[in-house]
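Peer 1: Supplied structure: work32.tsv, TSV, C-alpha atoms.
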chain	number	residue	atom	x	y	z
A	1	MET	CA	-18.00	-7.20	-1.32
A	2	PHE	CA	-18.04	-5.20	1.94
A	3	MET	CA	-20.60	-5.01	4.72
A	4	VAL	CA	-21.22	-1.27	4.44
A	5	LYS	CA	-24.19	0.69	3.16
A	6	GLU	CA	-24.07	3.28	0.41
A	7	ASN	CA	-23.27	6.75	1.74
A	8	LEU	CA	-26.34	8.56	0.40
A	9	ALA	CA	-25.73	11.66	2.53
A	10	GLN	CA	-22.52	12.36	0.58
A	11	LYS	CA	-23.60	10.96	-2.79
A	12	GLU	CA	-22.88	14.09	-4.87
A	13	ARG	CA	-19.47	14.63	-3.27
A	14	LEU	CA	-18.56	10.98	-3.75
A	15	GLU	CA	-19.64	11.03	-7.40
A	16	LYS	CA	-17.15	13.87	-8.02
A	17	ILE	CA	-14.37	12.01	-6.22
A	18	PHE	CA	-15.19	8.73	-7.99
A	19	LYS	CA	-15.08	10.51	-11.36
A	20	LYS	CA	-11.48	11.58	-10.67
A	21	ILE	CA	-10.56	8.07	-9.53
A	22	LYS	CA	-11.96	6.58	-12.74
A	23	VAL	CA	-9.64	8.81	-14.77
A	24	VAL	CA	-6.63	7.25	-13.04
A	25	TYR	CA	-7.75	3.63	-12.58
A	26	GLY	CA	-10.44	3.23	-15.23
A	27	THR	CA	-12.78	2.15	-12.46
A	28	VAL	CA	-13.32	2.79	-8.77
A	29	PRO	CA	-11.55	0.00	-6.87
A	30	PRO	CA	-13.75	-1.61	-4.20
A	31	GLN	CA	-11.53	-0.49	-1.31
A	32	MET	CA	-12.03	3.12	-2.41
A	33	LYS	CA	-15.81	2.68	-2.64
A	34	PHE	CA	-15.67	1.17	0.83
A	35	LEU	CA	-13.82	4.16	2.29
A	36	GLY	CA	-16.13	6.63	0.56
A	37	ASN	CA	-19.19	4.84	1.83
A	38	ILE	CA	-17.85	5.07	5.38
A	39	GLU	CA	-16.98	8.77	4.98
A	40	ALA	CA	-15.89	10.87	1.98
A	41	ASP	CA	-13.17	12.51	4.08
A	42	TYR	CA	-11.54	9.09	4.66
A	43	LEU	CA	-11.40	8.48	0.93
A	44	GLU	CA	-9.91	11.91	0.26
A	45	GLU	CA	-7.27	11.35	2.95
A	46	PHE	CA	-6.43	7.98	1.39
A	47	LEU	CA	-6.07	9.60	-2.04
A	48	VAL	CA	-3.70	12.22	-0.62
A	49	MET	CA	-1.53	9.37	0.71
A	50	VAL	CA	-1.65	7.57	-2.66
A	51	LEU	CA	-0.56	10.72	-4.47
A	52	ARG	CA	2.24	11.36	-1.95
A	53	ILE	CA	3.61	7.87	-2.50
A	54	ALA	CA	3.17	8.00	-6.29
A	55	LYS	CA	5.21	11.21	-6.42
A	56	HIS	CA	7.80	10.26	-3.80
A	57	PRO	CA	11.04	12.16	-4.48
A	58	HIS	CA	13.41	9.23	-3.79
A	59	ILE	CA	11.49	5.95	-3.90
A	60	ASP	CA	10.14	4.35	-7.06
A	61	PRO	CA	6.33	3.97	-6.81
A	62	ASN	CA	6.62	0.31	-7.85
A	63	PHE	CA	8.70	-0.28	-4.71
A	64	PHE	CA	5.57	0.44	-2.66
A	65	THR	CA	3.49	-1.89	-4.83
A	66	PHE	CA	5.95	-4.72	-4.22
A	67	LEU	CA	5.82	-4.03	-0.46
A	68	ARG	CA	2.02	-4.27	-0.60
A	69	LEU	CA	2.19	-7.46	-2.67
A	70	HIS	CA	4.53	-9.14	-0.19
A	71	ILE	CA	2.39	-8.19	2.81
A	72	ALA	CA	-0.89	-9.06	1.07
A	73	PHE	CA	0.28	-12.61	0.43
A	74	ARG	CA	1.87	-12.96	3.86
A	75	GLU	CA	-1.41	-11.90	5.48
A	76	ASP	CA	-3.66	-13.59	2.91
A	77	TYR	CA	-5.53	-10.40	2.03
A	78	ALA	CA	-7.38	-11.76	-1.01
A	79	TYR	CA	-8.40	-8.46	-2.53
A	80	CYS	CA	-4.99	-6.84	-1.97
A	81	LYS	CA	-3.27	-9.86	-3.51
A	82	MET	CA	-5.34	-9.51	-6.67
A	83	PHE	CA	-5.11	-5.71	-6.90
A	84	ASN	CA	-1.32	-5.48	-6.47
A	85	THR	CA	-0.64	-8.49	-8.70
A	86	GLN	CA	-2.66	-6.89	-11.48
A	87	MET	CA	-1.02	-3.52	-10.94
A	88	LEU	CA	2.47	-5.02	-11.28
A	89	GLN	CA	1.45	-7.11	-14.29
A	90	SER	CA	0.14	-3.97	-15.99
A	91	LYS	CA	3.59	-2.44	-15.51
A	92	GLY	CA	5.33	-5.42	-17.10
A	93	TYR	CA	6.55	-7.31	-14.04
A	94	ALA	CA	6.52	-11.05	-14.72
A	95	GLU	CA	4.55	-13.47	-12.57
A	96	GLU	CA	7.72	-15.39	-11.68
A	97	LEU	CA	9.38	-12.23	-10.34
A	98	GLN	CA	6.29	-11.42	-8.30
A	99	GLU	CA	6.33	-14.93	-6.82
A	100	ASP	CA	9.97	-14.44	-5.85
A	101	VAL	CA	9.15	-11.20	-4.04
A	102	ILE	CA	6.14	-12.78	-2.35
A	103	ALA	CA	8.42	-15.50	-1.00
A	104	ASP	CA	11.21	-13.12	0.05
A	105	ILE	CA	11.10	-9.33	-0.02
A	106	SER	CA	14.85	-9.24	-0.67
A	107	ASN	CA	14.02	-10.35	-4.23
A	108	ILE	CA	12.49	-6.94	-4.96
A	109	PRO	CA	13.78	-5.95	-8.43
A	110	PHE	CA	15.64	-2.81	-7.45
A	111	ASP	CA	19.18	-1.86	-6.46
A	112	GLU	CA	20.78	-2.87	-3.16
A	113	LYS	CA	19.76	0.42	-1.56
A	114	HIS	CA	16.06	-0.24	-2.27
A	115	LYS	CA	16.40	-3.87	-1.22
A	116	ALA	CA	17.79	-2.82	2.16
A	117	LEU	CA	14.90	-0.39	2.63
A	118	ALA	CA	12.32	-3.04	1.70
A	119	ILE	CA	13.84	-5.61	4.07
A	120	PHE	CA	13.85	-3.09	6.90
A	121	ALA	CA	10.27	-1.91	6.24
A	122	ILE	CA	9.05	-5.50	6.53
A	123	LYS	CA	11.17	-6.07	9.64
A	124	ALA	CA	9.80	-2.87	11.18
A	125	ILE	CA	6.17	-3.92	10.89
A	126	TYR	CA	6.61	-7.55	11.89
A	127	GLU	CA	9.51	-7.29	14.35
A	128	SER	CA	9.31	-3.68	15.51
A	129	ARG	CA	10.77	-4.45	18.92
A	130	THR	CA	14.01	-5.58	17.28
A	131	CYS	CA	14.63	-2.33	15.39
A	132	ILE	CA	17.64	-0.48	16.77
A	133	GLN	CA	19.48	2.73	15.94
A	134	SER	CA	22.15	0.95	13.91
A	135	ASN	CA	19.43	-0.36	11.56
A	136	PHE	CA	18.36	3.20	10.82
A	137	ASP	CA	21.94	4.45	10.61
A	138	ALA	CA	22.79	1.81	8.00
A	139	LEU	CA	19.94	3.06	5.81
A	140	TYR	CA	20.96	6.69	6.32
A	141	LYS	CA	24.54	5.82	5.30
A	142	MET	CA	23.12	4.36	2.08
A	143	GLY	CA	21.59	7.74	1.34
A	144	TRP	CA	18.05	7.32	2.60
A	145	THR	CA	16.56	10.22	4.53
A	146	GLN	CA	14.51	9.96	7.70
A	147	ARG	CA	11.44	10.70	5.60
A	148	ASP	CA	12.28	7.92	3.12
A	149	VAL	CA	12.62	5.33	5.87
A	150	PHE	CA	9.49	6.53	7.62
A	151	ASP	CA	7.48	6.52	4.37
A	152	ALA	CA	8.47	2.93	3.59
A	153	ILE	CA	7.60	1.70	7.10
A	154	GLU	CA	4.45	3.78	7.27
A	155	HIS	CA	3.23	2.49	3.91
A	156	ALA	CA	3.86	-1.13	4.90
A	157	GLY	CA	2.09	-0.54	8.21
A	158	THR	CA	-0.82	1.15	6.48
A	159	LEU	CA	-1.36	-1.89	4.28
A	160	LEU	CA	-1.29	-4.14	7.32
A	161	ARG	CA	-3.89	-1.94	9.04
A	162	ASN	CA	-6.07	-1.43	5.96
A	163	GLY	CA	-5.99	-5.12	5.16
A	164	ARG	CA	-7.31	-5.89	8.62
A	165	LEU	CA	-10.09	-3.31	8.22
A	166	LEU	CA	-11.10	-4.62	4.81
A	167	THR	CA	-11.05	-8.19	6.11
A	168	ALA	CA	-13.30	-7.26	9.03
A	169	TYR	CA	-15.82	-5.65	6.68
A	170	SER	CA	-15.57	-8.28	3.93
A	171	ILE	CA	-18.65	-10.33	3.19
A	172	LYS	CA	-17.86	-13.89	4.21
A	173	ASP	CA	-19.49	-17.05	2.93
Could you render the structure from this file as structure tokens?
Peer 2:
Amino acid sequence: MFMVKENLAQKERLEKIFKKIKVVYGTVPPQMKFLGNIEADYLEEFLVMVLRIAKHPHIDPNFFTFLRLHIAFREDYAYCKMFNTQMLQSKGYAEELQEDVIADISNIPFDEKHKALAIFAIKAIYESRTCIQSNFDALYKMGWTQRDVFDAIEHAGTLLRNGRLLTAYSIKD
């Protein structure tokens, strides 16, 4: 799936990490194998980020999955499209709802506060030069903290970056 060789120098360390991943996901997703084969530290750093998002104090973890879904389809990241679609399906989100969010992030199935954050996170990564103080202030007035806003933008930007990396390393026909 990716043009990267097995990381034999860190095989034992990776086996321990992969064992933990299998407990959570039932398998080791290809993007995690990819990171581990580049460098075990990269995979561990990625897992720290995943855990931070999964346990976010103010933002529902599914919010982040919908952000990733929207970006994956917008950028045509094949693997990310499949992974996030399956993740949302496993949590009971209907295909029609997912299609609505893919078409327009404002259709994210959360309250107005979360919708505003999702819309701004997408704006921030695609139109960053248009973000102004009043955009941030509006989110803060809704009750979001600086960390919340940063985490949403950072997560969206991370998917954009990681999607580009995975695409570069993907085996092409």
Peer 1: Do a neighbour search on Phe120 of chain A at 9 Å with only C-alpha atoms, toss out local chain neighbours closer than 5 positions, and write the hits as a PyMOL selection string.
Peer 2: chain A and resi 115+125+131+135-136+139+149+152-153
Peer 1: Take the residues from that selection and write them out as an mmCIF file, in the frame of the given file, keeping C-alpha atoms.
Peer 2:
data_model
loop_
_atom_site.group_PDB
_atom_site.id
_atom_site.type_symbol
_atom_site.label_atom_id
_atom_site.label_comp_id
_atom_site.auth_asym_id
_atom_site.auth_seq_id
_atom_site.Cartn_x
_atom_site.Cartn_y
_atom_site.Cartn_z
ATOM 1 C CA LYS A 115 16.400 -3.870 -1.220
ATOM 2 C CA ILE A 125 6.170 -3.920 10.890
ATOM 3 C CA CYS A 131 14.630 -2.330 15.390
ATOM 4 C CA ASN A 135 19.430 -0.360 11.560
ATOM 5 C CA PHE A 136 18.360 3.200 10.820
ATOM 6 C CA LEU A 139 19.940 3.060 5.810
ATOM 7 C CA VAL A 149 12.620 5.330 5.870
ATOM 8 C CA ALA A 152 8.470 2.930 3.590
ATOM 9 C CA ILE A 153 7.600 1.700 7.100
#
Peer 1: Could you pull the residues within 8 Å of segment 56-70 of chain A, counting only C-alpha atoms, minus those fewer than 6 positions along the same chain, as a list in words?
Peer 2: Cys80, Lys81, Asn84, Thr85, Met87, Leu88, Gln98, Val101, Ile102, Ala103, Asp104, Ile105, Ile108, Phe110, His114, Ala118, Ile122, Asp148, Ala152, His155, Ala156 and Leu159 of chain A
Peer 1: In terms of the shortest atom-to-atom distance over all atoms listed in the file, which of A:Met1, A:Val50, A:Ile38, A:Leu8 is closest to Ile21 of chain A?
Peer 2: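 Using all atoms listed in the file, the shortest distance to Ile21 of chain A belongs to A:Val50.
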Peer 1: Counting all atoms listed in the file, which residues in segment 37-103 of chain A sit no more than 9 Å from segment 23-33 of chain A? For each one, give the nearest pair of atoms and the distance in Å, sorted by chain then residue number, as a Markdown table.
Peer 2:
| residue | atom | partner | partner_atom | distance |
| --- | --- | --- | --- | --- |
| A:Asn37 | CA | A:Lys33 | CA | 6.0 |
| A:Ile38 | CA | A:Lys33 | CA | 8.6 |
| A:Leu43 | CA | A:Met32 | CA | 6.3 |
| A:Phe46 | CA | A:Met32 | CA | 8.3 |
| A:Leu47 | CA | A:Met32 | CA | 8.8 |
| A:Tyr79 | CA | A:Gln31 | CA | 8.6 |
| A:Phe83 | CA | A:Pro29 | CA | 8.6 |
Peer 1: I need the residue nearest Tyr140 of chain A from this list: A:Leu14, A:Asp41, A:Leu117, A:Glu95. Use only C-alpha atoms for the distance.
Peer 2: A:Leu117
Peer 1: Show which residues sit within 9 Å of Glu44 of chain A, as a list in words. Count all atoms listed in the file, and ignore same-chain residues fewer than 6 positions away.
Peer 2: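 Here the answer would be Ile17, Leu35 and Gly36 of chain A.
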Peer 1: Choose the residue, out of A:Met3, A:Leu160, A:Ile171, A:Leu166, that has the smallest atom-to-atom separation from Glu75 of chain A; count only C-alpha atoms.
Peer 2: A:Leu160
Peer 1: If you measure from atom CA of Gly163 of chain A to atom CA of Tyr77 of chain A, what distance in Å do you get, rounded to one decimal?
Peer 2: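 Going from atom CA of Gly163 of chain A over to atom CA of Tyr77 of chain A covers 6.2 Å.
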Peer 1: Measuring between only C-alpha atoms, which one of A:Tyr126, A:Lys113, A:Gly157, A:Asp173 shows the shortest distance to Ala138 of chain A?
Peer 2: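 Comparing A:Tyr126, A:Lys113, A:Gly157, A:Asp173 against Ala138 of chain A, the winner is A:Lys113.
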Peer 1: Hey, can you check how far atom CA of Ser134 of chain A sits from atom CA of Glu112 of chain A?
Peer 2: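 About the pair atom CA of Ser134 of chain A and atom CA of Glu112 of chain A: they are 17.5 Å apart.
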Peer 1: Using Å and a single decimal, report how far atom CA of Ala40 of chain A sits from atom CA of Lys20 of chain A.
Peer 2: 13.4 Å
Peer 1: Could you complete segment 4-29 of chain A so that it carries N, CA, C and O atoms, and give it back as a compact mmCIF listing (two decimals), in the frame of the given file?
Peer 2:
# COMPACT_ATOMS: atom_id res chain seq x y z
N VAL A 4 -21.07 -2.70 4.19
CA VAL A 4 -21.22 -1.27 4.44
C VAL A 4 -22.31 -0.77 3.48
O VAL A 4 -22.43 -1.24 2.35
N LYS A 5 -23.10 0.16 3.97
CA LYS A 5 -24.19 0.69 3.16
C LYS A 5 -23.71 1.89 2.34
O LYS A 5 -22.77 2.58 2.73
N GLU A 6 -24.40 2.14 1.25
CA GLU A 6 -24.07 3.28 0.41
C GLU A 6 -24.24 4.59 1.20
O GLU A 6 -25.20 4.76 1.94
N ASN A 7 -23.29 5.47 1.04
CA ASN A 7 -23.27 6.75 1.74
C ASN A 7 -24.12 7.75 0.95
O ASN A 7 -23.60 8.55 0.18
N LEU A 8 -25.42 7.70 1.14
CA LEU A 8 -26.34 8.56 0.40
C LEU A 8 -26.23 10.01 0.81
O LEU A 8 -26.47 10.91 -0.01
N ALA A 9 -25.84 10.28 2.04
CA ALA A 9 -25.73 11.66 2.53
C ALA A 9 -24.63 12.43 1.79
O ALA A 9 -24.70 13.65 1.70
N GLN A 10 -23.64 11.72 1.27
CA GLN A 10 -22.52 12.36 0.58
C GLN A 10 -22.45 11.94 -0.89
O GLN A 10 -21.39 12.00 -1.50
N LYS A 11 -23.57 11.53 -1.44
CA LYS A 11 -23.60 10.96 -2.79
C LYS A 11 -22.99 11.90 -3.84
O LYS A 11 -22.16 11.46 -4.64
N GLU A 12 -23.40 13.16 -3.86
CA GLU A 12 -22.88 14.09 -4.87
C GLU A 12 -21.37 14.28 -4.73
O GLU A 12 -20.65 14.28 -5.72
N ARG A 13 -20.92 14.46 -3.51
CA ARG A 13 -19.47 14.63 -3.27
C ARG A 13 -18.71 13.40 -3.70
O ARG A 13 -17.67 13.49 -4.36
N LEU A 14 -19.23 12.23 -3.37
CA LEU A 14 -18.56 10.98 -3.75
C LEU A 14 -18.54 10.79 -5.26
O LEU A 14 -17.55 10.31 -5.81
N GLU A 15 -19.61 11.16 -5.94
CA GLU A 15 -19.64 11.03 -7.40
C GLU A 15 -18.51 11.84 -8.03
O GLU A 15 -17.87 11.39 -8.98
N LYS A 16 -18.24 13.03 -7.51
CA LYS A 16 -17.15 13.87 -8.02
C LYS A 16 -15.79 13.21 -7.75
O LYS A 16 -14.91 13.20 -8.61
N ILE A 17 -15.63 12.68 -6.56
CA ILE A 17 -14.37 12.01 -6.22
C ILE A 17 -14.19 10.76 -7.08
O ILE A 17 -13.11 10.52 -7.64
N PHE A 18 -15.25 9.96 -7.20
CA PHE A 18 -15.19 8.73 -7.99
C PHE A 18 -14.87 9.03 -9.45
O PHE A 18 -14.15 8.26 -10.11
N LYS A 19 -15.36 10.12 -9.97
CA LYS A 19 -15.08 10.51 -11.36
C LYS A 19 -13.57 10.71 -11.56
O LYS A 19 -13.00 10.26 -12.55
N LYS A 20 -12.93 11.37 -10.61
CA LYS A 20 -11.48 11.58 -10.67
C LYS A 20 -10.73 10.26 -10.57
O LYS A 20 -9.72 10.05 -11.25
N ILE A 21 -11.20 9.37 -9.70
CA ILE A 21 -10.56 8.07 -9.53
C ILE A 21 -10.64 7.26 -10.82
O ILE A 21 -9.67 6.62 -11.22
N LYS A 22 -11.78 7.31 -11.48
CA LYS A 22 -11.96 6.58 -12.74
C LYS A 22 -10.98 7.03 -13.81
O LYS A 22 -10.54 6.22 -14.63
N VAL A 23 -10.62 8.31 -13.80
CA VAL A 23 -9.64 8.81 -14.77
C VAL A 23 -8.30 8.11 -14.58
O VAL A 23 -7.63 7.76 -15.55
N VAL A 24 -7.92 7.88 -13.34
CA VAL A 24 -6.63 7.25 -13.04
C VAL A 24 -6.67 5.73 -13.20
O VAL A 24 -5.79 5.14 -13.81
N TYR A 25 -7.70 5.09 -12.65
CA TYR A 25 -7.75 3.63 -12.58
C TYR A 25 -8.66 3.00 -13.62
O TYR A 25 -8.66 1.78 -13.77
N GLY A 26 -9.48 3.78 -14.28
CA GLY A 26 -10.44 3.23 -15.23
C GLY A 26 -11.71 2.74 -14.57
O GLY A 26 -12.71 2.48 -15.21
N THR A 27 -11.66 2.61 -13.28
CA THR A 27 -12.78 2.15 -12.46
C THR A 27 -12.56 2.67 -11.04
O THR A 27 -11.52 3.26 -10.76
N VAL A 28 -13.51 2.44 -10.18
CA VAL A 28 -13.32 2.79 -8.77
C VAL A 28 -13.08 1.48 -8.03
O VAL A 28 -13.99 0.66 -7.89
N PRO A 29 -11.83 1.25 -7.60
CA PRO A 29 -11.55 0.00 -6.87
C PRO A 29 -12.44 -0.14 -5.63
O PRO A 29 -12.77 0.86 -4.97
